[in-house]
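Below is one structure, written out as structure tokens, with a few remarks after it.
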Amino acid sequence: MSKILIVEDEETIADLEKDYLELSGFQVEVATDGETGLKRAMEGDFDLFILDLMLPGVDGFDICRQIRSEKNTPIIMVSAKKDDIDKIRGLGLGADDYMTKPFSPSELVARVKAHLARYDRLTGSAREVNKVIEIRGLKIDTTARRVWVNGEEKNFTTKEFDLLTFLAGHPNHVYTKEELFREIWDMESIGDIATVTVHIKKIREKIEMDTSNPQYIETIWGVGYRFKV
Ligand code: CA
């Protein structure tokens, strides 16, 4: 659900905007003065801002400028004066849209939806969720190539990470050392299946509580290894 912050000192207007946006399925927070609005805008995790221009304390110009120094989140600025709108356009503060009060709440909702959709398209790839494998206390972020064991991050070499991720990605599947060597090391690599054994040992030292009784990578005697789930 998209979260919207409204910074508006006229509470009846703020309430009206909030009601319409909530009816359209948005989560809405209202700040009725500039200081609170700025603080919430900078610390909160909002998807869009609706900023009134004239506010007690910090005004909409300042809030807009400060948001833009750190975030690309869409900003819709509203003002009672058409002149002000022209002025803020001229200042190039980086707001995405401007509306003159009074406006119809449904017009506001339509613009909010349009800006959220546009922003989603722009940032779509960046917002893709990392692929994470989580098995008991082990968490592998295969996109970021990071590993945590019971919440503590552990460092892995490239091949250790590749081997762990391959096994964890194929749980309960028994692989021979030959298969793992072919899978993780290319054919040109110097080394042999003993390399696999060495890497398994290193991985276990990082992820297992007790390496003599492994909970994740199990040795199948005479065959190879299996990742247990
Ligand atoms: Ca105002």
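Going through the structure tokens in order, the chains are called A, B, and so on, while each chain numbers its residues from 1 and the ligands are numbered from 1 in the order shown.
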Legend entry - At most 8 Å from ligand 1 (only C-alpha atoms and all ligand atoms): residue list as a ChimeraX atom specification: /A:8-10,52-56,79-80
Inset, instruction - Excluding Val7 of chain A and residues on its chain fewer than 4 positions from it, collect all residues at most 7 Å away from it, counting only C-alpha atoms, and give them as a ChimeraX atom specification. - result: /A:30-33,37,50-52
Legend entry - Nearby residues (only C-alpha atoms) at most 9 Å from Ala144 of chain A, same-chain spacing under 3 positions excluded, as an MDAnalysis selection string: chainID A and resid 130:131 140:141 147
Legend entry - Selection: 8 Å around segment 106-118 of chain A, only C-alpha atoms, excl. self and same-chain fewer than 5 positions, as number ranges by chain: A: 17, 20-21, 24, 47-48, 74, 76, 96
Please, could you write that set of residues out with all heavy atoms as a PDB file, in the first residue's frame?
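Okay, this is what ended up in part.pdb:
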ATOM      1  N   GLU A  17      -8.757  15.707   1.982  1.00  0.00           N
ATOM      2  CA  GLU A  17      -7.761  15.025   1.143  1.00  0.00           C
ATOM      3  C   GLU A  17      -7.495  13.617   1.668  1.00  0.00           C
ATOM      4  O   GLU A  17      -7.445  12.647   0.912  1.00  0.00           O
ATOM      5  CB  GLU A  17      -6.441  15.817   1.124  1.00  0.00           C
ATOM      6  CG  GLU A  17      -6.544  17.156   0.410  1.00  0.00           C
ATOM      7  CD  GLU A  17      -5.249  17.985   0.510  1.00  0.00           C
ATOM      8  OE1 GLU A  17      -4.286  17.541   1.176  1.00  0.00           O
ATOM      9  OE2 GLU A  17      -5.228  19.077  -0.075  1.00  0.00           O
ATOM     10  N   TYR A  20     -10.464  11.144   0.994  1.00  0.00           N
ATOM     11  CA  TYR A  20     -10.527  10.702  -0.399  1.00  0.00           C
ATOM     12  C   TYR A  20      -9.396   9.738  -0.742  1.00  0.00           C
ATOM     13  O   TYR A  20      -9.597   8.743  -1.436  1.00  0.00           O
ATOM     14  CB  TYR A  20     -10.509  11.907  -1.348  1.00  0.00           C
ATOM     15  CG  TYR A  20     -11.899  12.387  -1.686  1.00  0.00           C
ATOM     16  CD1 TYR A  20     -12.604  13.189  -0.810  1.00  0.00           C
ATOM     17  CD2 TYR A  20     -12.514  12.000  -2.883  1.00  0.00           C
ATOM     18  CE1 TYR A  20     -13.886  13.616  -1.096  1.00  0.00           C
ATOM     19  CE2 TYR A  20     -13.796  12.423  -3.190  1.00  0.00           C
ATOM     20  CZ  TYR A  20     -14.480  13.239  -2.289  1.00  0.00           C
ATOM     21  OH  TYR A  20     -15.755  13.650  -2.590  1.00  0.00           O
ATOM     22  N   LEU A  21      -8.219  10.049  -0.253  1.00  0.00           N
ATOM     23  CA  LEU A  21      -7.070   9.189  -0.562  1.00  0.00           C
ATOM     24  C   LEU A  21      -7.210   7.833   0.128  1.00  0.00           C
ATOM     25  O   LEU A  21      -6.899   6.800  -0.449  1.00  0.00           O
ATOM     26  CB  LEU A  21      -5.764   9.879  -0.152  1.00  0.00           C
ATOM     27  CG  LEU A  21      -5.379  11.065  -1.057  1.00  0.00           C
ATOM     28  CD1 LEU A  21      -4.312  11.925  -0.395  1.00  0.00           C
ATOM     29  CD2 LEU A  21      -4.905  10.585  -2.423  1.00  0.00           C
ATOM     30  N   SER A  24      -9.429   5.621  -1.618  1.00  0.00           N
ATOM     31  CA  SER A  24      -8.805   5.068  -2.828  1.00  0.00           C
ATOM     32  C   SER A  24      -7.720   4.050  -2.502  1.00  0.00           C
ATOM     33  O   SER A  24      -6.993   3.608  -3.377  1.00  0.00           O
ATOM     34  CB  SER A  24      -8.206   6.199  -3.665  1.00  0.00           C
ATOM     35  OG  SER A  24      -9.208   7.128  -3.993  1.00  0.00           O
ATOM     36  N   ASP A  47       5.684   7.380  -0.103  1.00  0.00           N
ATOM     37  CA  ASP A  47       5.759   7.172  -1.554  1.00  0.00           C
ATOM     38  C   ASP A  47       5.397   8.439  -2.322  1.00  0.00           C
ATOM     39  O   ASP A  47       5.656   8.527  -3.522  1.00  0.00           O
ATOM     40  CB  ASP A  47       4.818   6.035  -1.964  1.00  0.00           C
ATOM     41  CG  ASP A  47       5.197   4.736  -1.281  1.00  0.00           C
ATOM     42  OD1 ASP A  47       6.278   4.227  -1.599  1.00  0.00           O
ATOM     43  OD2 ASP A  47       4.441   4.260  -0.410  1.00  0.00           O
ATOM     44  N   LEU A  48       4.780   9.382  -1.599  1.00  0.00           N
ATOM     45  CA  LEU A  48       4.401  10.641  -2.251  1.00  0.00           C
ATOM     46  C   LEU A  48       4.118  11.696  -1.185  1.00  0.00           C
ATOM     47  O   LEU A  48       3.669  11.373  -0.083  1.00  0.00           O
ATOM     48  CB  LEU A  48       3.151  10.414  -3.123  1.00  0.00           C
ATOM     49  CG  LEU A  48       2.678  11.574  -4.000  1.00  0.00           C
ATOM     50  CD1 LEU A  48       2.251  11.055  -5.379  1.00  0.00           C
ATOM     51  CD2 LEU A  48       1.515  12.334  -3.371  1.00  0.00           C
ATOM     52  N   PRO A  74       7.829  11.501  -5.483  1.00  0.00           N
ATOM     53  CA  PRO A  74       6.970  12.524  -6.096  1.00  0.00           C
ATOM     54  C   PRO A  74       6.419  13.530  -5.081  1.00  0.00           C
ATOM     55  O   PRO A  74       6.064  13.169  -3.965  1.00  0.00           O
ATOM     56  CB  PRO A  74       5.820  11.703  -6.702  1.00  0.00           C
ATOM     57  CG  PRO A  74       6.354  10.336  -6.862  1.00  0.00           C
ATOM     58  CD  PRO A  74       7.372  10.144  -5.782  1.00  0.00           C
ATOM     59  N   ILE A  76       3.617  16.788  -4.824  1.00  0.00           N
ATOM     60  CA  ILE A  76       2.570  17.635  -5.387  1.00  0.00           C
ATOM     61  C   ILE A  76       2.442  18.843  -4.465  1.00  0.00           C
ATOM     62  O   ILE A  76       2.226  18.691  -3.258  1.00  0.00           O
ATOM     63  CB  ILE A  76       1.215  16.899  -5.475  1.00  0.00           C
ATOM     64  CG1 ILE A  76       1.336  15.670  -6.392  1.00  0.00           C
ATOM     65  CG2 ILE A  76       0.114  17.844  -5.987  1.00  0.00           C
ATOM     66  CD1 ILE A  76       0.065  14.830  -6.484  1.00  0.00           C
ATOM     67  N   ASP A  96       6.789  17.795  -8.616  1.00  0.00           N
ATOM     68  CA  ASP A  96       6.337  17.089  -9.809  1.00  0.00           C
ATOM     69  C   ASP A  96       5.037  17.647 -10.348  1.00  0.00           C
ATOM     70  O   ASP A  96       4.693  17.455 -11.501  1.00  0.00           O
ATOM     71  CB  ASP A  96       6.153  15.601  -9.482  1.00  0.00           C
ATOM     72  CG  ASP A  96       7.465  14.973  -9.088  1.00  0.00           C
ATOM     73  OD1 ASP A  96       8.161  14.491  -9.978  1.00  0.00           O
ATOM     74  OD2 ASP A  96       7.812  15.018  -7.881  1.00  0.00           O
TER      75      ASP A  96
END
Inset, instruction - Please identify all polymer residues within 9 Å of Glu29 of chain A, counting only C-alpha atoms, omitting same-chain residues fewer than 4 positions from it, and present them as a list in words. - result: Lys3, Ile4, Leu5, Ile6, Val7 and Lys18 of chain A
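Between atom CA of Met77 of chain A and atom CA of Ala95 of chain A the interatomic distance comes to 6.7 Å.
Taking atom CA of Leu138 of chain A as the reference point, atom CA of Asn150 of chain A is found at 6.3 Å.
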Legend entry - Selected residue of minimal separation from Thr123 of chain A among A:Leu16, A:Gly92, A:Lys82, A:Thr73, counting only C-alpha atoms: A:Thr73
Legend entry - Closest of A:Arg145, A:Lys39, A:Arg65, A:Lys201 to Ile133 of chain A - atom-to-atom distances counting only C-alpha atoms: A:Arg145
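Near segment 157-159 of chain A, within a cut-off of 10 Å and counting only C-alpha atoms, sit the residues Arg145, Thr165, Ile184, Trp185, Val196, His199, Lys202 and Ile203 of chain A, with same-chain residues fewer than 6 positions away left out.
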Now that the selection is made, can you save its residues with N, CA, C and O atoms as a CSV table (one decimal), in the first residue's frame?
chain,number,residue,atom,x,y,z
A,145,ARG,N,24.5,-10.8,-2.8
A,145,ARG,CA,25.6,-11.7,-2.5
A,145,ARG,C,26.1,-11.5,-1.1
A,145,ARG,O,27.3,-11.3,-0.8
A,165,THR,N,25.2,-21.1,-2.4
A,165,THR,CA,24.0,-20.7,-3.0
A,165,THR,C,23.4,-21.8,-3.9
A,165,THR,O,22.2,-22.1,-4.0
A,184,ILE,N,30.4,-25.3,-10.3
A,184,ILE,CA,30.9,-24.0,-9.7
A,184,ILE,C,32.2,-23.6,-10.3
A,184,ILE,O,32.4,-22.4,-10.5
A,185,TRP,N,33.0,-24.5,-10.7
A,185,TRP,CA,34.3,-24.1,-11.3
A,185,TRP,C,34.2,-24.5,-12.8
A,185,TRP,O,33.7,-25.6,-13.1
A,196,VAL,N,36.5,-29.0,-3.8
A,196,VAL,CA,35.1,-28.9,-3.3
A,196,VAL,C,35.1,-29.2,-1.8
A,196,VAL,O,34.5,-28.5,-1.0
A,199,HIS,N,36.3,-26.3,0.1
A,199,HIS,CA,35.3,-25.2,0.2
A,199,HIS,C,34.1,-25.6,1.1
A,199,HIS,O,33.6,-24.7,1.8
A,202,LYS,N,35.2,-24.9,4.6
A,202,LYS,CA,35.2,-23.5,4.9
A,202,LYS,C,33.8,-22.9,5.1
A,202,LYS,O,33.6,-22.1,6.0
A,203,ILE,N,32.9,-23.4,4.3
A,203,ILE,CA,31.5,-22.9,4.4
A,203,ILE,C,30.9,-23.3,5.7
A,203,ILE,O,30.3,-22.6,6.4
Could the residues of segment 183-209 of chain A that have an atom at most 9 Å from segment 216-227 of chain A be listed as JSON lines, each with its closest atom pair and the distance in Å to one decimal, counting only C-alpha atoms and ordered by chain and ascending residue number?
{"residue": "A:Ile200", "atom": "CA", "partner": "A:Ile217", "partner_atom": "CA", "distance": 8.0}
{"residue": "A:Ile203", "atom": "CA", "partner": "A:Ile217", "partner_atom": "CA", "distance": 8.9}
{"residue": "A:Arg204", "atom": "CA", "partner": "A:Ile217", "partner_atom": "CA", "distance": 7.3}
{"residue": "A:Ile207", "atom": "CA", "partner": "A:Tyr216", "partner_atom": "CA", "distance": 7.9}
{"residue": "A:Glu208", "atom": "CA", "partner": "A:Tyr216", "partner_atom": "CA", "distance": 7.1}
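Atom CA of Arg121 of chain A is found 26.3 Å from atom CA of Leu38 of chain A.
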